[in-house]
Amino acid sequence: MKLLVTGGAGFIGSAVVRLAIARGHSAVNLDALTYAACLENVASVADSPLYAFEHADIRDRAALDRILAAHKPDAVMHLAAESHVDRSIDGPGDFIETNVNGTFNILEAARAYWMQEGQPSGFRFHHISTDEVFGSLGPEGKFTETTPYSPRSPYSASKAASDHLVRAWHETYGLPVVLTNCSNNYGPYHFPEKLIPVVILNALAEKPLPIYGKGDNVRDWLFVEDHADALLLVLEKGEIGRSYNIGGENERTNLELVQTICAILDALRPEGAPHERLITFVADRPGHDKRYAIDPTRIRTELGWRPSVTVEEGLRRTVEWYLSNEGWWRPLQSRKGVGERLGVKA
């Protein structure tokens, strides 16, 4: 199978590209190479005859048409997106342009290509989204595929809009789509503005470990390589027009998560122990959702998938990767906004 992966130089997209090629698929990586992208993420497969790279922006319809016509993929996996909630608070316009208008462009380009190819029955458009479109949970309950949408940040609102567009293109035009909504990802190659890499790298530098509010916000953590495995499974076996929630079944408060990372660092880098002494509580961000949790019943019962990595195992693998790959993360720390407190406007 030949895949066109938008955002394939990003965190999750690159994991999909690496795994797809490892399984014998061809992968065309379409990426605009904005601040959070890094071609080093796919360096391990860059010389493979199964890999191709296209430097293009999903907001550029002409480029999308050209790339689809040139490569003739069997499927589009749409991961390209602005994804950092804090940045969306400071600059929502970029999120609308990329996540909404960009999704419209790739949908229209994919539809035109599908029509021109004679509407092949095996073609798929796989839209990858987030559990944040569902809003915030209380202490009980989990998100299912039928949970009403209730986005609370510019980021989640833009992703909710993109989900609606994808469903509409299926219902109106018959475009064969599948959708997935995932919980919080983590693992190797995670861009160093997100919570887990911030904690690891700040701890190594003896800097404060910032935790919003009281640290009692709850997230369901999904190891990125597990997520890539689930995405390829949904692409190949998922029912057209159906959505699948992908969760890690690893709920933790932010404070518990940071404490676990500190304990791992204490064991691996004891000269800085106890790293927990660096924990610092900071003012919460506007509209901070209290709890996310995924009910993965559908993907488990229909497709037989469940996560293979516990959060403790995944965090240890992640910390070990950052300790061994300073050459990857050190240059990224100089990119705009990294290391700054963002998302404080209200």
# chains A, B, ... in the order shown; residues from 1 in each chain; ligands from 1

$ residues_around --residues "stretch 141-145 of chain A" --least-positions-apart "5" --cutoff "6 Å" --atoms "only C-alpha atoms" --output "list in words"
Ala293, Ile294 and Asp295 of chain A

$ write_last_selection --atoms "all heavy atoms" --output "PDB file, in the first residue's frame"
ATOM      1  N   ALA A 293     -10.508  11.063  29.198  1.00  0.00           N
ATOM      2  CA  ALA A 293     -10.357   9.607  29.307  1.00  0.00           C
ATOM      3  C   ALA A 293     -11.107   8.967  28.149  1.00  0.00           C
ATOM      4  O   ALA A 293     -12.251   9.330  27.862  1.00  0.00           O
ATOM      5  CB  ALA A 293     -10.886   9.090  30.638  1.00  0.00           C
ATOM      6  N   ILE A 294     -10.472   8.022  27.489  1.00  0.00           N
ATOM      7  CA  ILE A 294     -11.025   7.361  26.305  1.00  0.00           C
ATOM      8  C   ILE A 294     -11.623   6.007  26.684  1.00  0.00           C
ATOM      9  O   ILE A 294     -11.012   5.222  27.416  1.00  0.00           O
ATOM     10  CB  ILE A 294      -9.910   7.141  25.262  1.00  0.00           C
ATOM     11  CG1 ILE A 294      -9.524   8.463  24.590  1.00  0.00           C
ATOM     12  CG2 ILE A 294     -10.305   6.097  24.235  1.00  0.00           C
ATOM     13  CD1 ILE A 294     -10.450   8.919  23.512  1.00  0.00           C
ATOM     14  N   ASP A 295     -12.818   5.737  26.165  1.00  0.00           N
ATOM     15  CA  ASP A 295     -13.389   4.391  26.223  1.00  0.00           C
ATOM     16  C   ASP A 295     -13.010   3.692  24.908  1.00  0.00           C
ATOM     17  O   ASP A 295     -13.541   4.042  23.853  1.00  0.00           O
ATOM     18  CB  ASP A 295     -14.908   4.467  26.361  1.00  0.00           C
ATOM     19  CG  ASP A 295     -15.566   3.092  26.403  1.00  0.00           C
ATOM     20  OD1 ASP A 295     -14.882   2.084  26.124  1.00  0.00           O
ATOM     21  OD2 ASP A 295     -16.776   3.018  26.693  1.00  0.00           O
TER      22      ASP A 295
END

$ residues_around --residues "stretch 87-103 of chain A" --least-positions-apart "3" --cutoff "7 Å" --atoms "only C-alpha atoms" --output "JSON, numbers by chain"
{"A": [58, 59, 81, 82, 84, 106, 107, 154, 155, 158, 159, 161, 162, 342, 343, 345]}

$ residues_around --residues "A:Leu79" --least-positions-apart "2" --cutoff "10 Å" --atoms "only C-alpha atoms" --output "list in words"
Val5, Thr6, Gly7, Gly8, Ala9, Gly10, Phe11, Ile12, Gly13, Ser14, Val16, Leu30, Asp31, Val76, Met77, Ala81, Glu82, Asn99, Thr103, His126, His127, Ile128 and Ser129 of chain A

$ closest_residue --among "A:Ile246, A:Ala46, A:Ala63, A:Leu19" --to "A:Cys182" --atoms "only C-alpha atoms"
A:Ile246

$ residues_around --residues "stretch 331-337 of chain A" --least-positions-apart "6" --cutoff "9 Å" --atoms "only C-alpha atoms" --output "PyMOL selection string"
chain A and resi 35-36+38+87+191-193

$ atom_distance --atom1 "atom CA of A:Gln116" --atom2 "atom CA of A:Ala168"
20.2 Å

$ residues_around --residues "A:Val234" --least-positions-apart "4" --cutoff "9 Å" --atoms "only C-alpha atoms" --output "PyMOL selection string"
chain A and resi 126+178-180+229-230+238-239+244+299+303

$ select_by_dssp --residues "stretch 168-279 of chain A" --states "strand (DSSP E)" --output "compact mmCIF listing (two decimals) with all heavy atoms, in the first residue's frame"
# COMPACT_ATOMS: atom_id res chain seq x y z
N VAL A 177 -13.96 7.56 4.05
CA VAL A 177 -13.17 8.08 5.16
C VAL A 177 -13.25 7.16 6.37
O VAL A 177 -14.22 6.40 6.54
CB VAL A 177 -13.62 9.50 5.57
CG1 VAL A 177 -13.69 10.43 4.37
CG2 VAL A 177 -14.95 9.47 6.30
N VAL A 178 -12.22 7.23 7.20
CA VAL A 178 -12.26 6.73 8.58
C VAL A 178 -11.68 7.83 9.45
O VAL A 178 -10.87 8.64 9.00
CB VAL A 178 -11.48 5.41 8.78
CG1 VAL A 178 -12.20 4.25 8.13
CG2 VAL A 178 -10.06 5.52 8.24
N LEU A 179 -12.13 7.88 10.70
CA LEU A 179 -11.66 8.91 11.63
C LEU A 179 -11.20 8.26 12.91
O LEU A 179 -11.74 7.22 13.34
CB LEU A 179 -12.77 9.91 11.97
CG LEU A 179 -13.40 10.71 10.85
CD1 LEU A 179 -14.62 9.99 10.29
CD2 LEU A 179 -13.81 12.09 11.35
N THR A 180 -10.20 8.87 13.54
CA THR A 180 -9.76 8.43 14.86
C THR A 180 -9.56 9.65 15.76
O THR A 180 -9.13 10.71 15.29
CB THR A 180 -8.45 7.62 14.79
OG1 THR A 180 -7.48 8.33 14.02
CG2 THR A 180 -8.68 6.25 14.18
N ASN A 181 -9.88 9.47 17.03
CA ASN A 181 -9.64 10.50 18.05
C ASN A 181 -8.82 9.86 19.16
O ASN A 181 -9.24 8.86 19.75
CB ASN A 181 -10.96 11.03 18.62
CG ASN A 181 -11.79 11.74 17.57
OD1 ASN A 181 -12.46 11.11 16.76
ND2 ASN A 181 -11.74 13.06 17.58
N CYS A 182 -7.65 10.42 19.42
CA CYS A 182 -6.71 9.79 20.34
C CYS A 182 -6.56 10.58 21.63
O CYS A 182 -6.87 11.76 21.71
CB CYS A 182 -5.34 9.65 19.68
SG CYS A 182 -4.51 11.24 19.39
N ASN A 184 -3.77 11.69 24.87
CA ASN A 184 -2.46 12.35 24.83
C ASN A 184 -1.34 11.38 24.47
O ASN A 184 -1.19 10.34 25.13
CB ASN A 184 -2.14 12.98 26.20
CG ASN A 184 -2.88 14.28 26.40
OD1 ASN A 184 -4.06 14.42 26.08
ND2 ASN A 184 -2.19 15.26 26.95
N ASN A 185 -0.57 11.72 23.46
CA ASN A 185 0.56 10.90 23.04
C ASN A 185 1.85 11.34 23.74
O ASN A 185 1.98 12.50 24.14
CB ASN A 185 0.78 11.03 21.54
CG ASN A 185 -0.14 10.15 20.71
OD1 ASN A 185 0.28 9.51 19.75
ND2 ASN A 185 -1.42 10.12 21.04
N TYR A 186 2.78 10.41 23.84
CA TYR A 186 4.12 10.72 24.36
C TYR A 186 5.08 9.68 23.80
O TYR A 186 4.66 8.64 23.29
CB TYR A 186 4.14 10.72 25.89
CG TYR A 186 4.00 9.34 26.49
CD1 TYR A 186 5.10 8.64 26.98
CD2 TYR A 186 2.75 8.70 26.54
CE1 TYR A 186 4.98 7.36 27.50
CE2 TYR A 186 2.61 7.43 27.06
CZ TYR A 186 3.73 6.76 27.54
OH TYR A 186 3.60 5.49 28.04
N LEU A 209 10.25 22.54 37.30
CA LEU A 209 9.35 21.69 36.53
C LEU A 209 7.95 22.26 36.69
O LEU A 209 7.28 22.04 37.71
CB LEU A 209 9.40 20.25 37.05
CG LEU A 209 10.80 19.64 37.23
CD1 LEU A 209 10.70 18.21 37.72
CD2 LEU A 209 11.61 19.74 35.94
N PRO A 210 7.47 23.05 35.71
CA PRO A 210 6.20 23.77 35.88
C PRO A 210 4.99 22.86 35.73
O PRO A 210 4.87 22.10 34.76
CB PRO A 210 6.25 24.80 34.76
CG PRO A 210 7.09 24.16 33.69
CD PRO A 210 8.11 23.32 34.41
N ILE A 211 4.07 22.94 36.69
CA ILE A 211 2.81 22.20 36.64
C ILE A 211 1.67 23.20 36.79
O ILE A 211 1.64 23.97 37.75
CB ILE A 211 2.73 21.14 37.75
CG1 ILE A 211 3.87 20.12 37.60
CG2 ILE A 211 1.39 20.43 37.71
CD1 ILE A 211 3.87 19.05 38.67
N TYR A 212 0.74 23.18 35.85
CA TYR A 212 -0.38 24.12 35.89
C TYR A 212 -1.31 23.83 37.07
O TYR A 212 -1.62 22.67 37.37
CB TYR A 212 -1.19 24.04 34.60
CG TYR A 212 -0.50 24.56 33.36
CD1 TYR A 212 -0.96 24.20 32.09
CD2 TYR A 212 0.60 25.41 33.44
CE1 TYR A 212 -0.35 24.68 30.94
CE2 TYR A 212 1.21 25.89 32.30
CZ TYR A 212 0.73 25.52 31.05
OH TYR A 212 1.35 25.99 29.92
N VAL A 218 -6.34 15.47 34.74
CA VAL A 218 -6.12 14.06 34.42
C VAL A 218 -6.09 13.86 32.91
O VAL A 218 -6.94 14.39 32.18
CB VAL A 218 -7.22 13.17 35.03
CG1 VAL A 218 -7.03 11.71 34.62
CG2 VAL A 218 -7.23 13.31 36.54
N ARG A 219 -5.10 13.10 32.44
CA ARG A 219 -5.01 12.73 31.04
C ARG A 219 -4.81 11.22 30.91
O ARG A 219 -4.25 10.58 31.80
CB ARG A 219 -3.84 13.47 30.36
CG ARG A 219 -3.96 14.99 30.39
CD ARG A 219 -5.10 15.48 29.53
NE ARG A 219 -5.23 16.92 29.50
CZ ARG A 219 -6.06 17.63 30.27
NH1 ARG A 219 -6.83 17.02 31.16
NH2 ARG A 219 -6.15 18.95 30.15
N ASP A 220 -5.24 10.70 29.77
CA ASP A 220 -5.06 9.29 29.42
C ASP A 220 -3.88 9.23 28.46
O ASP A 220 -3.95 9.77 27.36
CB ASP A 220 -6.35 8.77 28.76
CG ASP A 220 -6.22 7.36 28.23
OD1 ASP A 220 -5.30 6.64 28.66
OD2 ASP A 220 -7.04 6.97 27.38
N TRP A 221 -2.78 8.60 28.85
CA TRP A 221 -1.52 8.68 28.11
C TRP A 221 -1.32 7.48 27.20
O TRP A 221 -1.43 6.33 27.62
CB TRP A 221 -0.35 8.83 29.08
CG TRP A 221 -0.39 10.17 29.75
CD1 TRP A 221 -0.93 10.47 30.97
CD2 TRP A 221 0.08 11.41 29.21
NE1 TRP A 221 -0.81 11.82 31.23
CE2 TRP A 221 -0.20 12.41 30.17
CE3 TRP A 221 0.72 11.77 28.03
CZ2 TRP A 221 0.14 13.75 29.96
CZ3 TRP A 221 1.06 13.10 27.81
CH2 TRP A 221 0.77 14.07 28.79
N LEU A 222 -0.99 7.77 25.94
CA LEU A 222 -0.86 6.78 24.88
C LEU A 222 0.54 6.85 24.29
O LEU A 222 0.95 7.90 23.77
CB LEU A 222 -1.92 7.06 23.81
CG LEU A 222 -1.88 6.24 22.52
CD1 LEU A 222 -2.13 4.76 22.81
CD2 LEU A 222 -2.93 6.78 21.54
N PHE A 223 1.28 5.75 24.35
CA PHE A 223 2.63 5.71 23.78
C PHE A 223 2.53 5.84 22.27
O PHE A 223 1.73 5.17 21.61
CB PHE A 223 3.33 4.41 24.17
CG PHE A 223 4.80 4.41 23.91
CD1 PHE A 223 5.64 5.32 24.54
CD2 PHE A 223 5.37 3.48 23.05
CE1 PHE A 223 7.00 5.31 24.32
CE2 PHE A 223 6.73 3.46 22.82
CZ PHE A 223 7.56 4.38 23.46
N SER A 243 -15.85 6.15 13.10
CA SER A 243 -14.78 6.73 13.90
C SER A 243 -14.39 5.77 15.02
O SER A 243 -15.22 4.96 15.48
CB SER A 243 -15.20 8.08 14.50
OG SER A 243 -16.26 7.91 15.42
N TYR A 244 -13.13 5.86 15.44
CA TYR A 244 -12.59 4.98 16.47
C TYR A 244 -11.81 5.81 17.47
O TYR A 244 -10.92 6.57 17.08
CB TYR A 244 -11.68 3.91 15.85
CG TYR A 244 -12.40 2.97 14.91
CD1 TYR A 244 -12.57 3.30 13.57
CD2 TYR A 244 -12.94 1.77 15.37
CE1 TYR A 244 -13.24 2.44 12.71
CE2 TYR A 244 -13.61 0.91 14.52
CZ TYR A 244 -13.76 1.26 13.18
OH TYR A 244 -14.43 0.41 12.32
N ASN A 245 -12.12 5.66 18.74
CA ASN A 245 -11.37 6.32 19.79
C ASN A 245 -10.19 5.44 20.20
O ASN A 245 -10.36 4.24 20.47
CB ASN A 245 -12.25 6.58 21.02
CG ASN A 245 -13.15 7.79 20.84
OD1 ASN A 245 -13.09 8.47 19.82
ND2 ASN A 245 -13.98 8.06 21.83
N ILE A 246 -9.00 6.04 20.26
CA ILE A 246 -7.78 5.31 20.59
C ILE A 246 -7.23 5.87 21.89
O ILE A 246 -6.82 7.03 21.96
CB ILE A 246 -6.74 5.45 19.47
CG1 ILE A 246 -7.31 5.01 18.13
CG2 ILE A 246 -5.48 4.65 19.81
CD1 ILE A 246 -6.39 5.29 16.95
N GLU A 251 -4.64 6.47 32.75
CA GLU A 251 -4.98 7.77 33.32
C GLU A 251 -4.03 8.14 34.46
O GLU A 251 -3.74 7.31 35.33
CB GLU A 251 -6.41 7.76 33.87
CG GLU A 251 -7.49 7.80 32.82
CD GLU A 251 -8.87 7.96 33.44
OE1 GLU A 251 -9.11 9.00 34.11
OE2 GLU A 251 -9.70 7.05 33.26
N ARG A 252 -3.55 9.38 34.42
CA ARG A 252 -2.71 9.90 35.50
C ARG A 252 -2.99 11.38 35.66
O ARG A 252 -3.26 12.08 34.68
CB ARG A 252 -1.21 9.73 35.17
CG ARG A 252 -0.73 8.30 35.02
CD ARG A 252 -0.72 7.54 36.33
NE ARG A 252 -0.10 6.23 36.19
CZ ARG A 252 -0.70 5.14 35.71
NH1 ARG A 252 -1.96 5.22 35.32
NH2 ARG A 252 -0.05 3.99 35.64
N THR A 253 -2.91 11.88 36.89
CA THR A 253 -2.91 13.34 37.06
C THR A 253 -1.57 13.87 36.56
O THR A 253 -0.57 13.13 36.50
CB THR A 253 -3.10 13.75 38.52
OG1 THR A 253 -1.94 13.36 39.27
CG2 THR A 253 -4.35 13.13 39.13
N ILE A 279 9.82 20.54 41.28
CA ILE A 279 8.42 20.76 40.91
C ILE A 279 7.96 22.13 41.39
O ILE A 279 8.16 22.50 42.55
CB ILE A 279 7.52 19.65 41.49
CG1 ILE A 279 7.78 18.32 40.75
CG2 ILE A 279 6.04 20.03 41.38
CD1 ILE A 279 7.01 17.14 41.31

$ closest_residue --among "A:Lys207, A:Arg269, A:His78, A:Arg317" --to "A:Val17" --atoms "only C-alpha atoms"
A:His78

$ residues_around --residues "A:Met115" --least-positions-apart "3" --cutoff "12 Å" --atoms "only C-alpha atoms" --output "ChimeraX atom specification"
/A:69,108-112,118-121,123,173-176

$ closest_residue --among "A:Val42, A:Gln259, A:Thr147, A:Ala273" --to "A:Ala22" --atoms "only C-alpha atoms"
A:Val42

$ residues_around --residues "A:Val309" --least-positions-apart "6" --cutoff "10 Å" --atoms "only C-alpha atoms" --output "list of chain:residue names"
A:Leu222, A:Phe223, A:Val224, A:Glu225, A:Asp226, A:Gly248, A:Glu249, A:Asn250, A:Leu315, A:Arg317

$ write_last_selection --atoms "all heavy atoms" --output "JSON list (two decimals), in the first residue's frame"
[["chain", "number", "residue", "atom", "x", "y", "z"],
["A", 222, "LEU", "N", -0.99, 7.77, 25.94],
["A", 222, "LEU", "CA", -0.86, 6.78, 24.88],
["A", 222, "LEU", "C", 0.54, 6.85, 24.29],
["A", 222, "LEU", "O", 0.95, 7.90, 23.77],
["A", 222, "LEU", "CB", -1.92, 7.06, 23.81],
["A", 222, "LEU", "CG", -1.88, 6.24, 22.52],
["A", 222, "LEU", "CD1", -2.13, 4.76, 22.81],
["A", 222, "LEU", "CD2", -2.93, 6.78, 21.54],
["A", 223, "PHE", "N", 1.28, 5.75, 24.35],
["A", 223, "PHE", "CA", 2.63, 5.71, 23.78],
["A", 223, "PHE", "C", 2.53, 5.84, 22.27],
["A", 223, "PHE", "O", 1.73, 5.17, 21.61],
["A", 223, "PHE", "CB", 3.33, 4.41, 24.17],
["A", 223, "PHE", "CG", 4.80, 4.41, 23.91],
["A", 223, "PHE", "CD1", 5.64, 5.32, 24.54],
["A", 223, "PHE", "CD2", 5.37, 3.48, 23.05],
["A", 223, "PHE", "CE1", 7.00, 5.31, 24.32],
["A", 223, "PHE", "CE2", 6.73, 3.46, 22.82],
["A", 223, "PHE", "CZ", 7.56, 4.38, 23.46],
["A", 224, "VAL", "N", 3.33, 6.71, 21.68],
["A", 224, "VAL", "CA", 3.16, 7.09, 20.28],
["A", 224, "VAL", "C", 3.29, 5.91, 19.33],
["A", 224, "VAL", "O", 2.61, 5.84, 18.30],
["A", 224, "VAL", "CB", 4.14, 8.23, 19.91],
["A", 224, "VAL", "CG1", 5.58, 7.74, 19.89],
["A", 224, "VAL", "CG2", 3.74, 8.87, 18.58],
["A", 225, "GLU", "N", 4.13, 4.94, 19.67],
["A", 225, "GLU", "CA", 4.29, 3.79, 18.78],
["A", 225, "GLU", "C", 3.08, 2.87, 18.84],
["A", 225, "GLU", "O", 2.70, 2.25, 17.83],
["A", 225, "GLU", "CB", 5.59, 3.05, 19.11],
["A", 225, "GLU", "CG", 6.82, 3.90, 18.77],
["A", 225, "GLU", "CD", 8.12, 3.31, 19.28],
["A", 225, "GLU", "OE1", 8.12, 2.12, 19.67],
["A", 225, "GLU", "OE2", 9.14, 4.02, 19.28],
["A", 226, "ASP", "N", 2.41, 2.80, 19.99],
["A", 226, "ASP", "CA", 1.13, 2.11, 20.07],
["A", 226, "ASP", "C", 0.09, 2.82, 19.20],
["A", 226, "ASP", "O", -0.71, 2.18, 18.51],
["A", 226, "ASP", "CB", 0.63, 2.07, 21.52],
["A", 226, "ASP", "CG", 1.11, 0.85, 22.29],
["A", 226, "ASP", "OD1", 1.60, -0.10, 21.66],
["A", 226, "ASP", "OD2", 0.98, 0.84, 23.53],
["A", 248, "GLY", "N", -4.88, 5.12, 25.69],
["A", 248, "GLY", "CA", -3.79, 4.35, 26.27],
["A", 248, "GLY", "C", -4.18, 3.54, 27.49],
["A", 248, "GLY", "O", -3.40, 2.73, 27.96],
["A", 249, "GLU", "N", -5.40, 3.81, 28.01],
["A", 249, "GLU", "CA", -5.86, 3.15, 29.25],
["A", 249, "GLU", "C", -4.85, 3.37, 30.37],
["A", 249, "GLU", "O", -4.57, 2.49, 31.17],
["A", 249, "GLU", "CB", -6.12, 1.66, 29.02],
["A", 249, "GLU", "CG", -7.19, 1.40, 27.97],
["A", 249, "GLU", "CD", -7.51, -0.07, 27.78],
["A", 249, "GLU", "OE1", -8.02, -0.69, 28.73],
["A", 249, "GLU", "OE2", -7.23, -0.60, 26.69],
["A", 250, "ASN", "N", -4.31, 4.59, 30.41],
["A", 250, "ASN", "CA", -3.28, 4.96, 31.39],
["A", 250, "ASN", "C", -3.59, 6.34, 31.95],
["A", 250, "ASN", "O", -2.91, 7.32, 31.64],
["A", 250, "ASN", "CB", -1.89, 4.97, 30.74],
["A", 250, "ASN", "CG", -1.29, 3.59, 30.57],
["A", 250, "ASN", "OD1", -1.19, 2.83, 31.52],
["A", 250, "ASN", "ND2", -0.90, 3.26, 29.35],
["A", 315, "LEU", "N", 7.18, 5.72, 29.82],
["A", 315, "LEU", "CA", 7.92, 6.87, 30.32],
["A", 315, "LEU", "C", 9.40, 6.53, 30.48],
["A", 315, "LEU", "O", 10.27, 7.36, 30.18],
["A", 315, "LEU", "CB", 7.34, 7.35, 31.65],
["A", 315, "LEU", "CG", 6.01, 8.10, 31.57],
["A", 315, "LEU", "CD1", 5.48, 8.40, 32.97],
["A", 315, "LEU", "CD2", 6.16, 9.40, 30.78],
["A", 317, "ARG", "N", 11.11, 4.34, 28.73],
["A", 317, "ARG", "CA", 11.68, 4.30, 27.39],
["A", 317, "ARG", "C", 11.86, 5.71, 26.83],
["A", 317, "ARG", "O", 12.84, 6.00, 26.13],
["A", 317, "ARG", "CB", 10.76, 3.48, 26.47],
["A", 317, "ARG", "CG", 10.87, 1.99, 26.73],
["A", 317, "ARG", "CD", 9.74, 1.19, 26.10],
["A", 317, "ARG", "NE", 9.69, 1.31, 24.65],
["A", 317, "ARG", "CZ", 8.82, 0.65, 23.89],
["A", 317, "ARG", "NH1", 7.95, -0.19, 24.45],
["A", 317, "ARG", "NH2", 8.83, 0.80, 22.57]]

$ closest_residue --among "A:Asn105, A:Tyr189, A:Asp266, A:Ala283" --to "A:Leu165" --atoms "only C-alpha atoms"
A:Asn105

$ atom_distance --atom1 "atom CA of A:Ala205" --atom2 "atom CA of A:Val85"
24.7 Å

$ closest_residue --among "A:Gly213, A:His227, A:Asp284, A:Asp65" --to "A:Ser308" --atoms "only C-alpha atoms"
A:His227

$ select_by_dssp --residues "stretch 112-208 of chain A" --states "alpha helix (DSSP H)" --output "count of residues only"
35
